[in-house]
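Text of the file upload-v7.cif, holding mmCIF, C-alpha atoms and all ligand atoms:
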```
data_start
#
loop_
_atom_site.label_atom_id
_atom_site.label_comp_id
_atom_site.auth_asym_id
_atom_site.auth_seq_id
_atom_site.Cartn_x
_atom_site.Cartn_y
_atom_site.Cartn_z
CA MET F 72 3.22 -30.99 -1.56
CA ILE F 73 2.65 -28.03 -3.86
CA GLN F 74 4.12 -24.84 -2.41
CA LEU F 75 3.48 -21.27 -3.38
CA ILE F 76 5.47 -19.59 -6.15
CA ARG F 77 8.79 -17.98 -5.24
CA GLY F 78 8.40 -14.30 -4.45
CA PHE F 79 4.71 -14.75 -3.62
CA LYS F 80 3.33 -15.08 -0.13
CA ASP F 81 0.28 -15.81 1.97
CA ILE F 82 -0.83 -13.22 4.47
CA LEU F 83 -2.22 -15.34 7.26
CA PRO F 84 -4.66 -14.65 10.07
CA GLY F 85 -2.48 -13.28 12.83
CA GLU F 86 -0.68 -11.05 10.30
CA VAL F 87 -3.61 -9.88 8.24
CA GLU F 88 -5.16 -7.88 11.11
CA LEU F 89 -2.34 -5.36 10.86
CA TRP F 90 -2.78 -5.10 7.10
CA GLN F 91 -6.49 -4.51 7.63
CA HIS F 92 -5.81 -1.81 10.17
CA ILE F 93 -3.37 -0.04 7.83
CA GLU F 94 -5.79 -0.25 4.92
CA LYS F 95 -8.65 1.00 7.03
CA THR F 96 -6.59 3.96 8.24
CA ALA F 97 -5.53 4.76 4.66
CA ARG F 98 -9.10 4.66 3.40
CA SER F 99 -10.38 6.88 6.12
CA LEU F 100 -7.55 9.38 5.76
CA LEU F 101 -7.81 9.57 1.98
CA GLU F 102 -11.58 9.85 2.05
CA SER F 103 -11.32 12.67 4.58
CA PHE F 104 -9.24 14.49 1.99
CA GLY F 105 -11.80 14.00 -0.76
CA PHE F 106 -10.40 10.91 -2.47
CA LYS F 107 -12.79 8.36 -3.95
CA GLU F 108 -11.95 4.72 -4.39
CA ILE F 109 -11.45 3.32 -7.87
CA ARG F 110 -11.07 -0.41 -8.51
CA ILE F 111 -9.11 -1.24 -11.61
CA PRO F 112 -8.40 -4.63 -13.18
CA ILE F 113 -5.37 -6.76 -12.39
CA LEU F 114 -4.82 -7.49 -16.09
CA GLU F 115 -4.38 -4.89 -18.80
CA HIS F 116 -3.10 -4.88 -22.37
CA ALA F 117 0.68 -5.06 -22.26
CA GLU F 118 0.82 -1.99 -24.46
CA LEU F 119 -0.66 0.22 -21.72
CA PHE F 120 2.38 -0.27 -19.50
CA ALA F 121 4.90 -0.17 -22.31
CA ARG F 122 3.50 3.19 -23.39
CA SER F 123 3.02 4.76 -19.98
CA ILE F 124 5.92 3.44 -17.92
CA GLY F 125 8.32 3.53 -20.85
CA GLU F 126 10.19 0.82 -22.74
CA ASP F 127 13.53 1.79 -21.23
CA THR F 128 12.64 1.15 -17.62
CA ASP F 129 13.47 -1.80 -15.38
CA ILE F 130 9.78 -2.52 -15.00
CA VAL F 131 9.01 -2.86 -18.70
CA GLU F 132 12.41 -4.23 -19.70
CA LYS F 133 12.63 -7.07 -17.26
CA GLU F 134 10.04 -7.13 -14.49
CA MET F 135 6.62 -7.53 -16.07
CA TYR F 136 4.58 -10.71 -16.18
CA THR F 137 3.41 -10.52 -19.77
CA PHE F 138 1.93 -13.46 -21.62
CA PRO F 139 -0.43 -14.19 -24.49
CA ASP F 140 -3.96 -15.10 -23.44
CA ARG F 141 -5.67 -17.95 -25.22
CA LYS F 142 -6.37 -15.84 -28.27
CA GLY F 143 -2.82 -14.52 -28.48
CA ASP F 144 -3.45 -10.99 -27.12
CA LEU F 145 -0.51 -9.85 -25.00
CA ILE F 146 -1.68 -9.12 -21.50
CA THR F 147 0.19 -8.04 -18.38
CA LEU F 148 -0.30 -8.46 -14.66
CA ARG F 149 -0.22 -4.85 -13.54
CA PRO F 150 3.16 -3.77 -12.13
CA GLU F 151 1.69 -0.51 -10.78
CA ALA F 152 -1.63 1.29 -10.66
CA THR F 153 -1.09 4.71 -12.21
CA ALA F 154 -1.25 3.55 -15.83
CA SER F 155 -4.59 1.82 -15.25
CA VAL F 156 -6.08 4.74 -13.34
CA VAL F 157 -5.09 7.08 -16.16
CA ARG F 158 -6.55 4.69 -18.72
CA SER F 159 -9.77 4.63 -16.75
CA TYR F 160 -9.84 8.43 -16.37
CA ILE F 161 -9.59 8.74 -20.13
CA GLN F 162 -11.78 5.81 -21.11
CA HIS F 163 -14.72 6.86 -18.92
CA LYS F 164 -14.17 10.58 -19.54
CA LEU F 165 -13.89 11.12 -15.81
CA TYR F 166 -12.75 14.64 -16.70
CA ALA F 167 -15.96 15.55 -18.51
CA LYS F 168 -17.94 17.18 -15.70
CA ASP F 169 -14.93 18.43 -13.81
CA PRO F 170 -11.33 17.60 -14.71
CA VAL F 171 -10.34 17.49 -11.05
CA ARG F 172 -10.51 13.94 -9.74
CA LYS F 173 -8.92 12.46 -6.65
CA LEU F 174 -8.77 8.69 -6.80
CA TYR F 175 -7.28 5.98 -4.65
CA SER F 176 -6.95 2.24 -4.87
CA ILE F 177 -5.47 -0.57 -2.82
CA GLY F 178 -4.34 -3.87 -4.23
CA PRO F 179 -1.67 -6.26 -5.47
CA MET F 180 1.00 -5.44 -8.05
CA PHE F 181 3.29 -7.89 -9.84
CA ARG F 182 6.93 -7.53 -10.80
CA ARG F 183 9.30 -10.36 -11.55
CA GLU F 184 12.22 -9.12 -9.48
CA ARG F 185 14.74 -11.06 -7.45
CA PRO F 186 12.86 -11.91 -4.23
CA GLN F 187 14.45 -10.65 -1.01
CA LYS F 188 13.40 -8.84 2.13
CA GLY F 189 11.07 -6.01 1.13
CA ARG F 190 11.00 -7.16 -2.49
CA TYR F 191 8.39 -9.60 -3.67
CA ARG F 192 6.90 -10.64 -6.97
CA GLN F 193 3.40 -9.95 -5.75
CA PHE F 194 3.31 -6.95 -3.47
CA TYR F 195 0.66 -4.49 -2.38
CA GLN F 196 0.27 -0.80 -2.85
CA ILE F 197 -1.95 1.97 -1.61
CA ASN F 198 -2.18 4.29 -4.52
CA ALA F 199 -3.48 7.86 -4.78
CA GLU F 200 -3.76 10.08 -7.84
CA VAL F 201 -4.97 13.65 -8.32
CA PHE F 202 -5.93 14.81 -11.82
CA GLY F 203 -6.51 18.30 -13.13
CA ILE F 204 -4.56 20.40 -10.61
CA ASP F 205 -1.16 21.82 -11.42
CA SER F 206 -0.82 23.90 -8.25
CA PRO F 207 2.23 23.02 -6.13
CA PHE F 208 -0.09 23.03 -3.10
CA ILE F 209 -1.46 19.69 -4.13
CA ASP F 210 2.04 18.16 -4.43
CA ALA F 211 2.75 19.37 -0.92
CA GLN F 212 -0.59 18.10 0.31
CA LEU F 213 0.17 14.59 -0.94
CA ILE F 214 3.51 14.57 0.86
CA PHE F 215 1.79 15.96 3.95
CA LEU F 216 -0.79 13.16 3.72
CA LEU F 217 2.01 10.60 3.59
CA ALA F 218 3.66 12.16 6.63
CA VAL F 219 0.36 12.03 8.55
CA PHE F 220 -0.24 8.44 7.48
CA PHE F 221 3.22 7.31 8.61
CA LYS F 222 2.90 9.09 11.93
CA LYS F 223 -0.61 7.81 12.63
CA LEU F 224 0.61 4.27 12.07
CA SER F 225 3.78 4.46 14.16
CA ALA F 226 6.18 4.33 11.25
CA THR F 227 8.46 7.02 12.53
CA GLU F 228 11.87 6.29 11.06
CA VAL F 229 11.13 7.99 7.78
CA LYS F 230 12.18 11.00 5.81
CA ALA F 231 10.65 12.63 2.76
CA HIS F 232 13.12 13.10 -0.09
CA ILE F 233 12.06 15.52 -2.79
CA ASN F 234 13.38 16.70 -6.11
CA SER F 235 12.13 18.31 -9.28
CA LEU F 236 12.51 16.67 -12.66
CA GLY F 237 11.69 19.79 -14.62
CA CYS F 238 9.40 19.75 -17.62
CA GLN F 239 9.54 19.22 -21.36
CA ILE F 240 11.05 22.68 -21.70
CA CYS F 241 13.97 22.45 -19.26
CA ARG F 242 14.63 18.72 -18.99
CA PRO F 243 16.17 18.30 -22.47
CA GLU F 244 18.80 20.88 -21.61
CA PHE F 245 19.63 19.08 -18.38
CA LYS F 246 19.76 15.72 -20.16
CA GLU F 247 22.23 17.25 -22.55
CA ALA F 248 24.50 18.42 -19.71
CA LEU F 249 24.15 15.07 -18.00
CA SER F 250 25.05 13.18 -21.16
CA VAL F 251 28.24 15.18 -21.56
CA PHE F 252 29.16 14.33 -17.96
CA LEU F 253 28.27 10.66 -18.43
CA LEU F 254 30.35 10.37 -21.56
CA ALA F 255 33.40 11.51 -19.61
CA ALA F 256 32.57 9.20 -16.70
CA LYS F 257 31.60 6.23 -18.82
CA GLU F 258 34.51 3.98 -17.84
CA GLU F 259 33.50 4.11 -14.17
CA LEU F 260 29.88 3.12 -14.72
CA CYS F 261 28.38 -0.34 -14.27
CA SER F 262 27.27 -2.21 -17.37
CA ASP F 263 23.60 -1.33 -16.78
CA CYS F 264 24.46 2.34 -16.54
CA ARG F 265 26.54 2.25 -19.70
CA ARG F 266 23.42 1.09 -21.48
CA ARG F 267 21.19 3.57 -19.64
CA ARG F 268 23.58 6.37 -20.52
CA GLU F 269 22.31 6.41 -24.06
CA ARG F 270 18.75 5.26 -23.61
CA ASN F 271 17.63 6.85 -20.35
CA PRO F 272 20.50 8.87 -18.83
CA LEU F 273 18.44 10.21 -15.92
CA ARG F 274 18.31 6.75 -14.44
CA VAL F 275 22.06 6.62 -13.98
CA LEU F 276 21.52 9.18 -11.24
CA ASP F 277 19.81 6.71 -8.96
CA CYS F 278 21.86 3.61 -9.65
CA LYS F 279 22.59 1.90 -6.34
CA VAL F 280 25.97 0.42 -7.37
CA PRO F 281 28.60 2.08 -5.13
CA SER F 282 31.07 2.77 -7.94
CA CYS F 283 28.30 4.50 -9.91
CA ARG F 284 27.35 6.57 -6.89
CA LEU F 285 30.94 7.64 -6.54
CA ALA F 286 31.25 8.45 -10.23
CA MET F 287 28.05 10.51 -10.05
CA ALA F 288 28.97 12.54 -6.97
CA ASP F 289 29.71 15.64 -9.04
CA ALA F 290 27.13 15.05 -11.73
CA PRO F 291 25.17 18.13 -12.78
CA SER F 292 22.04 18.76 -10.75
CA ILE F 293 18.70 19.16 -12.45
CA LEU F 294 17.91 21.86 -9.92
CA ASP F 295 20.45 24.11 -11.61
CA HIS F 296 18.68 23.67 -14.91
CA LEU F 297 15.04 24.26 -14.02
CA CYS F 298 13.18 26.82 -16.12
CA PRO F 299 11.72 29.75 -14.15
CA GLU F 300 8.27 28.16 -13.98
CA CYS F 301 9.52 24.80 -12.73
CA SER F 302 11.77 26.60 -10.30
CA ARG F 303 8.87 28.62 -8.89
CA HIS F 304 6.77 25.49 -8.67
CA PHE F 305 9.44 23.65 -6.71
CA GLU F 306 10.02 26.59 -4.36
CA ALA F 307 6.30 26.70 -3.64
CA VAL F 308 6.22 22.98 -2.83
CA LYS F 309 9.08 23.40 -0.35
CA HIS F 310 7.48 26.47 1.18
CA ALA F 311 4.17 24.66 1.67
CA LEU F 312 5.94 21.68 3.27
CA GLU F 313 7.67 24.00 5.71
CA LYS F 314 4.34 25.59 6.55
CA PHE F 315 2.86 22.15 7.25
CA LYS F 316 5.95 21.24 9.28
CA VAL F 317 6.78 18.24 7.14
CA SER F 318 10.49 17.62 7.38
CA PHE F 319 12.16 16.84 4.07
CA VAL F 320 15.48 16.82 2.31
CA VAL F 321 16.11 17.96 -1.23
CA ASP F 322 17.72 15.03 -2.97
CA LYS F 323 19.09 15.91 -6.38
CA ARG F 324 19.69 12.25 -7.20
CA LEU F 325 16.07 11.32 -6.83
CA VAL F 326 14.64 10.41 -10.20
CA ARG F 327 11.87 8.04 -11.05
CA GLY F 328 12.25 4.95 -13.16
CA LEU F 329 9.18 6.05 -15.01
CA ASP F 330 9.37 8.28 -18.07
CA TYR F 331 6.21 10.26 -17.58
CA TYR F 332 7.20 11.95 -14.33
CA THR F 333 7.64 15.74 -14.46
CA ARG F 334 8.44 18.38 -11.85
CA THR F 335 7.98 17.30 -8.22
CA THR F 336 9.16 13.82 -7.45
CA PHE F 337 9.40 12.33 -3.99
CA GLU F 338 10.11 9.25 -2.00
CA ILE F 339 9.55 8.35 1.62
CA GLN F 340 12.72 6.58 2.71
CA THR F 341 13.53 4.66 5.83
CA GLY F 342 16.74 3.52 7.41
CA SER F 343 15.11 0.47 8.95
CA LEU F 344 14.72 -1.77 5.90
CA GLY F 345 18.24 -2.19 4.59
CA ALA F 346 18.64 -1.97 0.84
CA GLN F 347 14.92 -1.64 0.21
CA ASN F 348 14.77 1.87 1.64
CA ALA F 349 11.82 3.32 -0.29
CA VAL F 350 8.48 2.80 1.40
CA ALA F 351 6.53 5.16 -0.81
CA GLY F 352 7.18 7.02 -4.00
CA GLY F 353 5.41 9.43 -6.21
CA GLY F 354 5.34 12.68 -8.03
CA ARG F 355 3.92 14.63 -10.89
CA TYR F 356 3.27 13.17 -14.31
CA ASP F 357 1.83 16.10 -16.20
CA SER F 358 2.38 14.63 -19.64
CA LEU F 359 0.93 11.17 -19.24
CA VAL F 360 -2.81 11.76 -19.64
CA LYS F 361 -2.30 13.47 -22.98
CA ALA F 362 0.30 10.94 -24.08
CA LEU F 363 -2.25 8.16 -23.58
CA GLY F 364 -4.81 9.93 -25.74
CA GLY F 365 -6.66 11.98 -23.11
CA PRO F 366 -7.04 15.70 -22.54
CA ASP F 367 -4.05 17.81 -21.55
CA GLN F 368 -4.52 17.48 -17.79
CA PRO F 369 -1.81 17.58 -15.16
CA ALA F 370 -1.59 14.84 -12.55
CA VAL F 371 0.28 13.90 -9.41
CA GLY F 372 0.18 10.80 -7.25
CA PHE F 373 1.90 8.39 -4.92
CA ALA F 374 2.14 4.71 -4.11
CA ILE F 375 2.87 3.30 -0.68
CA GLY F 376 4.48 -0.15 -0.61
CA LEU F 377 2.38 -1.95 1.96
CA ASP F 378 4.68 -4.94 2.41
CA ARG F 379 7.59 -2.70 3.33
CA PHE F 380 5.33 -0.57 5.48
CA VAL F 381 4.21 -3.61 7.49
CA GLU F 382 7.86 -4.57 7.99
CA MET F 383 8.83 -1.17 9.34
CA THR F 384 5.92 0.00 11.47
CA ASP F 385 6.15 -0.40 15.24
CA LEU F 386 2.57 -1.63 15.33
CA LYS F 387 2.12 -5.34 15.96
CA ALA F 388 -0.51 -7.54 14.40
CA LYS F 389 -1.37 -9.11 17.74
CA ASP F 390 -2.65 -5.77 19.00
CA PHE F 391 -5.37 -5.97 16.38
CA ALA F 392 -6.25 -9.64 16.83
CA GLN F 393 -9.91 -10.33 17.37
CA ASN F 394 -10.42 -13.11 19.87
CA PRO F 395 -13.87 -14.52 20.53
CA ASP F 396 -15.94 -12.47 22.97
CA ILE F 397 -17.72 -15.57 24.15
CA PHE F 398 -17.08 -19.28 24.17
CA ILE F 399 -20.16 -21.35 24.85
CA ALA F 400 -19.30 -24.57 26.65
CA ALA F 401 -22.37 -26.73 26.16
CA LEU F 402 -22.86 -30.15 27.71
CA GLY F 403 -25.43 -32.55 26.35
CA GLU F 404 -27.47 -32.54 23.19
CA LYS F 405 -30.18 -30.16 24.26
CA SER F 406 -27.72 -27.54 25.53
CA MET F 407 -25.69 -27.95 22.38
CA SER F 408 -28.65 -27.15 20.20
CA MET F 409 -29.49 -24.06 22.26
CA ALA F 410 -25.85 -23.00 22.28
CA PHE F 411 -25.84 -23.13 18.50
CA ASP F 412 -28.91 -20.85 18.33
CA TRP F 413 -27.25 -18.41 20.72
CA ALA F 414 -24.00 -18.41 18.77
CA CYS F 415 -25.92 -17.37 15.66
CA ALA F 416 -27.82 -14.70 17.58
CA PHE F 417 -24.56 -13.35 19.05
CA GLY F 418 -23.03 -13.24 15.58
CA LEU F 419 -25.92 -11.12 14.35
CA GLU F 420 -25.27 -8.73 17.24
CA GLY F 421 -21.60 -8.41 16.28
CA ILE F 422 -20.46 -10.50 19.23
CA ILE F 423 -17.98 -13.20 18.24
CA ALA F 424 -19.09 -16.47 19.80
CA GLU F 425 -17.44 -19.87 19.40
CA LEU F 426 -18.51 -23.28 20.58
CA ASP F 427 -17.39 -26.83 20.50
CA PHE F 428 -19.24 -29.17 18.17
CA ALA F 429 -17.53 -32.35 19.24
CA GLY F 430 -19.37 -33.03 22.50
CA LYS F 431 -16.18 -32.89 24.58
CA SER F 432 -15.92 -32.71 28.35
CA LEU F 433 -16.25 -29.41 30.19
CA LYS F 434 -12.57 -29.46 31.03
CA SER F 435 -11.51 -29.88 27.45
CA GLN F 436 -13.95 -27.18 26.30
CA MET F 437 -12.56 -24.76 28.89
CA LYS F 438 -9.08 -25.52 27.64
CA ARG F 439 -10.12 -24.71 24.09
CA ALA F 440 -11.77 -21.45 25.23
CA ASP F 441 -8.46 -20.54 26.81
CA ARG F 442 -6.52 -21.43 23.68
CA LEU F 443 -8.80 -19.27 21.57
CA GLY F 444 -8.33 -16.36 23.97
CA ALA F 445 -12.08 -16.11 24.61
CA LYS F 446 -12.90 -13.28 26.98
CA HIS F 447 -15.91 -15.01 28.56
CA VAL F 448 -17.29 -18.50 28.73
CA LEU F 449 -20.95 -19.40 29.03
CA ILE F 450 -21.44 -22.78 30.64
CA VAL F 451 -24.68 -24.61 29.99
CA GLY F 452 -25.66 -28.19 30.86
CA GLU F 453 -28.78 -30.06 32.02
CA LYS F 454 -28.64 -28.42 35.42
CA GLU F 455 -28.45 -24.92 34.00
CA LEU F 456 -31.32 -25.60 31.64
CA GLU F 457 -33.42 -26.80 34.56
CA GLU F 458 -32.56 -23.72 36.60
CA LYS F 459 -33.10 -21.53 33.53
CA ALA F 460 -29.79 -19.73 33.98
CA VAL F 461 -26.30 -20.21 32.54
CA ILE F 462 -22.98 -19.58 34.21
CA MET F 463 -20.92 -16.76 32.75
CA ARG F 464 -17.22 -16.86 33.56
CA ASN F 465 -14.89 -13.97 32.98
CA MET F 466 -11.68 -15.61 31.79
CA THR F 467 -9.47 -12.77 32.98
CA THR F 468 -10.86 -12.15 36.46
CA LYS F 469 -12.18 -15.75 36.84
CA GLU F 470 -15.38 -14.28 38.27
CA GLN F 471 -18.53 -16.31 37.69
CA LEU F 472 -22.10 -15.19 37.72
CA SER F 473 -25.44 -16.60 36.79
CA VAL F 474 -27.31 -15.15 33.80
CA PRO F 475 -31.01 -16.01 33.31
CA LEU F 476 -31.91 -17.72 30.03
CA ASP F 477 -34.68 -15.26 29.61
CA ASN F 478 -33.37 -12.51 27.32
CA LEU F 479 -29.90 -14.08 27.43
CA ILE F 480 -28.42 -12.39 24.37
CA LYS F 481 -29.20 -8.90 25.57
CA ALA F 482 -28.08 -9.63 29.12
CA VAL F 483 -24.72 -10.97 27.91
CA LYS F 484 -24.31 -8.11 25.49
CA ASP F 485 -24.84 -5.60 28.32
CA LYS F 486 -22.35 -7.41 30.50
CA ILE F 487 -19.52 -7.49 27.99
CA SER F 488 -19.82 -4.00 26.55
P1 LIG F 501 12.67 0.19 -5.74
O1 LIG F 501 13.64 1.26 -6.09
O2 LIG F 501 12.76 -0.28 -4.32
O3 LIG F 501 12.66 -0.93 -6.75
P2 LIG F 501 10.52 1.39 -7.20
O4 LIG F 501 11.04 2.73 -7.57
O5 LIG F 501 10.55 0.32 -8.22
O6 LIG F 501 11.21 0.89 -5.84
P3 LIG F 501 7.81 2.35 -7.23
O7 LIG F 501 7.56 1.89 -8.60
O8 LIG F 501 7.98 3.79 -6.97
O9 LIG F 501 9.07 1.54 -6.63
O10 LIG F 501 6.68 1.77 -6.24
C1 LIG F 501 6.28 2.44 -5.05
C2 LIG F 501 6.56 1.60 -3.82
O11 LIG F 501 6.16 0.25 -3.99
C3 LIG F 501 8.02 1.49 -3.46
O12 LIG F 501 8.43 2.62 -2.74
C4 LIG F 501 8.06 0.25 -2.62
O13 LIG F 501 7.68 0.52 -1.28
C5 LIG F 501 7.00 -0.61 -3.24
N1 LIG F 501 7.60 -1.64 -4.09
C6 LIG F 501 8.07 -1.53 -5.35
N2 LIG F 501 8.51 -2.70 -5.81
C7 LIG F 501 8.30 -3.61 -4.82
C8 LIG F 501 8.52 -5.01 -4.68
N3 LIG F 501 9.03 -5.74 -5.67
N4 LIG F 501 8.19 -5.61 -3.49
C9 LIG F 501 7.67 -4.89 -2.49
N5 LIG F 501 7.42 -3.57 -2.57
C10 LIG F 501 7.72 -2.92 -3.71
MG MG F 502 11.85 -1.23 -8.62
#
```

If you convert what's in this file into structure tokens, what do you get?
Amino acid sequence: MIQLIRGFKDILPGEVELWQHIEKTARSLLESFGFKEIRIPILEHAELFARSIGEDTDIVEKEMYTFPDRKGDLITLRPEATASVVRSYIQHKLYAKDPVRKLYSIGPMFRRERPQKGRYRQFYQINAEVFGIDSPFIDAQLIFLLAVFFKKLSATEVKAHINSLGCQICRPEFKEALSVFLLAAKEELCSDCRRRRERNPLRVLDCKVPSCRLAMADAPSILDHLCPECSRHFEAVKHALEKFKVSFVVDKRLVRGLDYYTRTTFEIQTGSLGAQNAVAGGGRYDSLVKALGGPDQPAVGFAIGLDRFVEMTDLKAKDFAQNPDIFIAALGEKSMSMAFDWACAFGLEGIIAELDFAGKSLKSQMKRADRLGAKHVLIVGEKELEEKAVIMRNMTTKEQLSVPLDNLIKAVKDKIS
């Protein structure tokens, strides 16, 4: 038997209801805050990610599914959404009428990582981006939105971690100080970090290897190197978060694996998922739009990892299961044919109705109604047709009553609502 690919998964009925509920809540929340949905392709030119995420990142170095299509063009299964949303913003001149755009999207991402709990090769993200606003209020609003989202969906064991990465003016100076520190500490670093030290020193800061963490305990903090403008910006973000009563910690180790991030960076972390402790991440990327050939517009965004979210929320899929409202137990050919008409009519009214097509006995049909969790059963046979009324049984209270065939759909609808 052919099985699915390692690191990929099916989301089955019984689980998917929770996903749907989360997605629905996200849409409604984001739309209430003025976000519009954007749907971007799953495949993009490989170059888009190499240029936007950066060659020296885990994603581009070793996690992307990149392959030549039949004509030899290198294409990539998107590992994240930001690059595509930025491409779209530029390509369709979404800035032309008004540079401010708030966009969200929901969908699968692909990274060839080592599969484990909370880490898959196809995973899902809810993604939000705001273009054209450099005010710190908007950074705080995004973190506030995340806090509201997590609370609304009973994911309470979370904490916002925030940091600032500075800008093109102050970051080089910090990188310099960091490099000096790293050179002295080089013997204690893991082999990945020794390589990163020269190519992307910032990333050593968030290496998870314990010996690296130890070696980095006294590393210089970017927060001591911010230029006055970045410093003011960061203070304003913190102030706004306090005003909105979002609890947060300043985490000087928090850096993003992505090169285009500037200033505010944040992560929503949880203690309930083991090593995979980041459920959402985001921040500012003021230099990306221009770097990809667009206008000089600031931007800030976040991505929520849905798979991890589903694993940590206290909500249960079964609370969102939709069982049939009605099961029609029909006996005999004539009843069966009427039952089928009714089932269609119920469906059009938004009432979920199931029936048995196999001509089984009443007992076996009742058993099936029970198995399906049907809330009511309509029983119809020759006798009922003659008397022009069906029996309606409430499966919870076991009460039975007779409902006239005349105007049946409406009568049933009134009874169950
Ligand atoms: P990590 O440090 O766990 O690898 P990341 O920094 O690579 O995370 P981002 O690129 O910021 O993650 O993506 C945002 C969110 O997407 C993460 O916080 C996480 O919840 C989720 N995510 C990232 N990679 C995976 C994956 N392979 N499987 C499941 N979820 C993922
Ligand atoms: Mg990662």

- Item | Selection as a ChimeraX atom specification: residues within 9 Å of ligand MG 502 (chain F) by only C-alpha atoms and all ligand atoms | /F:129-130,134,182,184,190,328

- Message: Using Å and a single decimal, report how far CA of Lys246 in chain F sits from CA of Ala288 in chain F.
- Response: 16.4 Å

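Candidate residues F:His232, F:Lys323, F:Arg242, F:Arg268 were compared for distance to ligand LIG 501 (chain F), and the nearest is F:His232, using all atoms listed in the file.
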
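Between atom O7 of ligand LIG 501 (chain F) and CA of Thr153 in chain F lies a distance of 9.8 Å.
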
- In Å, rounded to a single decimal, give me how far CA of Pro395 in chain F is from CA of Leu479 in chain F. 17.5 Å

- Message: 7 Å from ligand LIG 501 (chain F) is the threshold here; counting all atoms listed in the file, which polymer residues fall inside it? Answer as a PyMOL selection string.
- Response: chain F and resi 151+182+184+189-196+327-328+338+347-353+374-379

What would the file look like if the residues just selected were written as an mmCIF file, in the frame of the given file with C-alpha atoms?
```cif
data_model
loop_
_atom_site.group_PDB
_atom_site.id
_atom_site.type_symbol
_atom_site.label_atom_id
_atom_site.label_comp_id
_atom_site.auth_asym_id
_atom_site.auth_seq_id
_atom_site.Cartn_x
_atom_site.Cartn_y
_atom_site.Cartn_z
ATOM 1 C CA GLU F 151 1.690 -0.510 -10.780
ATOM 2 C CA ARG F 182 6.930 -7.530 -10.800
ATOM 3 C CA GLU F 184 12.220 -9.120 -9.480
ATOM 4 C CA GLY F 189 11.070 -6.010 1.130
ATOM 5 C CA ARG F 190 11.000 -7.160 -2.490
ATOM 6 C CA TYR F 191 8.390 -9.600 -3.670
ATOM 7 C CA ARG F 192 6.900 -10.640 -6.970
ATOM 8 C CA GLN F 193 3.400 -9.950 -5.750
ATOM 9 C CA PHE F 194 3.310 -6.950 -3.470
ATOM 10 C CA TYR F 195 0.660 -4.490 -2.380
ATOM 11 C CA GLN F 196 0.270 -0.800 -2.850
ATOM 12 C CA ARG F 327 11.870 8.040 -11.050
ATOM 13 C CA GLY F 328 12.250 4.950 -13.160
ATOM 14 C CA GLU F 338 10.110 9.250 -2.000
ATOM 15 C CA GLN F 347 14.920 -1.640 0.210
ATOM 16 C CA ASN F 348 14.770 1.870 1.640
ATOM 17 C CA ALA F 349 11.820 3.320 -0.290
ATOM 18 C CA VAL F 350 8.480 2.800 1.400
ATOM 19 C CA ALA F 351 6.530 5.160 -0.810
ATOM 20 C CA GLY F 352 7.180 7.020 -4.000
ATOM 21 C CA GLY F 353 5.410 9.430 -6.210
ATOM 22 C CA ALA F 374 2.140 4.710 -4.110
ATOM 23 C CA ILE F 375 2.870 3.300 -0.680
ATOM 24 C CA GLY F 376 4.480 -0.150 -0.610
ATOM 25 C CA LEU F 377 2.380 -1.950 1.960
ATOM 26 C CA ASP F 378 4.680 -4.940 2.410
ATOM 27 C CA ARG F 379 7.590 -2.700 3.330
#
```

Could you give me, as a compact mmCIF listing (two decimals) with C-alpha atoms, keeping the file's coordinate frame, the residues that sit within 12 Å of (14.7, 28.4, -12.0) in the file's coordinates, counting all atoms listed in the file?
```
# COMPACT_ATOMS: atom_id res chain seq x y z
CA SER F 235 12.13 18.31 -9.28
CA LEU F 236 12.51 16.67 -12.66
CA GLY F 237 11.69 19.79 -14.62
CA CYS F 238 9.40 19.75 -17.62
CA ILE F 240 11.05 22.68 -21.70
CA CYS F 241 13.97 22.45 -19.26
CA ARG F 242 14.63 18.72 -18.99
CA ILE F 293 18.70 19.16 -12.45
CA LEU F 294 17.91 21.86 -9.92
CA ASP F 295 20.45 24.11 -11.61
CA HIS F 296 18.68 23.67 -14.91
CA LEU F 297 15.04 24.26 -14.02
CA CYS F 298 13.18 26.82 -16.12
CA PRO F 299 11.72 29.75 -14.15
CA GLU F 300 8.27 28.16 -13.98
CA CYS F 301 9.52 24.80 -12.73
CA SER F 302 11.77 26.60 -10.30
CA ARG F 303 8.87 28.62 -8.89
CA HIS F 304 6.77 25.49 -8.67
CA PHE F 305 9.44 23.65 -6.71
CA GLU F 306 10.02 26.59 -4.36
CA ALA F 307 6.30 26.70 -3.64
CA ARG F 334 8.44 18.38 -11.85
```

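Closest approach to Val360 in chain F from the set F:Ala255, F:Leu119, F:Leu148, F:Ile214 is made by F:Leu119, with distances taken over only C-alpha atoms.
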
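With only C-alpha atoms as the atoms that count, the minimum distance from Tyr166 in chain F to the choices F:Gly452, F:Gly372, F:Gly430, F:Gly203 is reached by F:Gly203.
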
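Across F:Leu476, F:Leu386, F:Ala290, F:Leu260, the tightest approach to Cys278 in chain F is made by F:Leu260 when counting all atoms listed in the file.
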
- Would you list the residues near (-21.2, -21.1, 26.4), meaning any protein, DNA or RNA residue with an atom at most 10 Å from that point in file coordinates, counting all atoms listed in the file, as a ChimeraX atom specification? /F:397-402,406-407,409-411,413-414,424-427,436-437,440,447-452,461-464

- Query: So which residues touch Ala286 in chain F within 12 Å, counting only C-alpha atoms, skipping near sequence neighbours fewer than 6 positions away, as a ChimeraX atom specification?
  - Reply: /F:252-261,264,275-280

Polymer residues at most 10 Å from Ala167 in chain F, all atoms listed in the file, same-chain spacing of 5 or more positions, as a PDB file with C-alpha atoms, keeping the file's coordinate frame:
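Result file follows (selection-v4.pdb):
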```pdb
ATOM      1  CA  TYR F 160      -9.840   8.430 -16.370  1.00  0.00           C
ATOM      2  CA  ILE F 161      -9.590   8.740 -20.130  1.00  0.00           C
ATOM      3  CA  PRO F 366      -7.040  15.700 -22.540  1.00  0.00           C
TER       4      PRO F 366
END
```
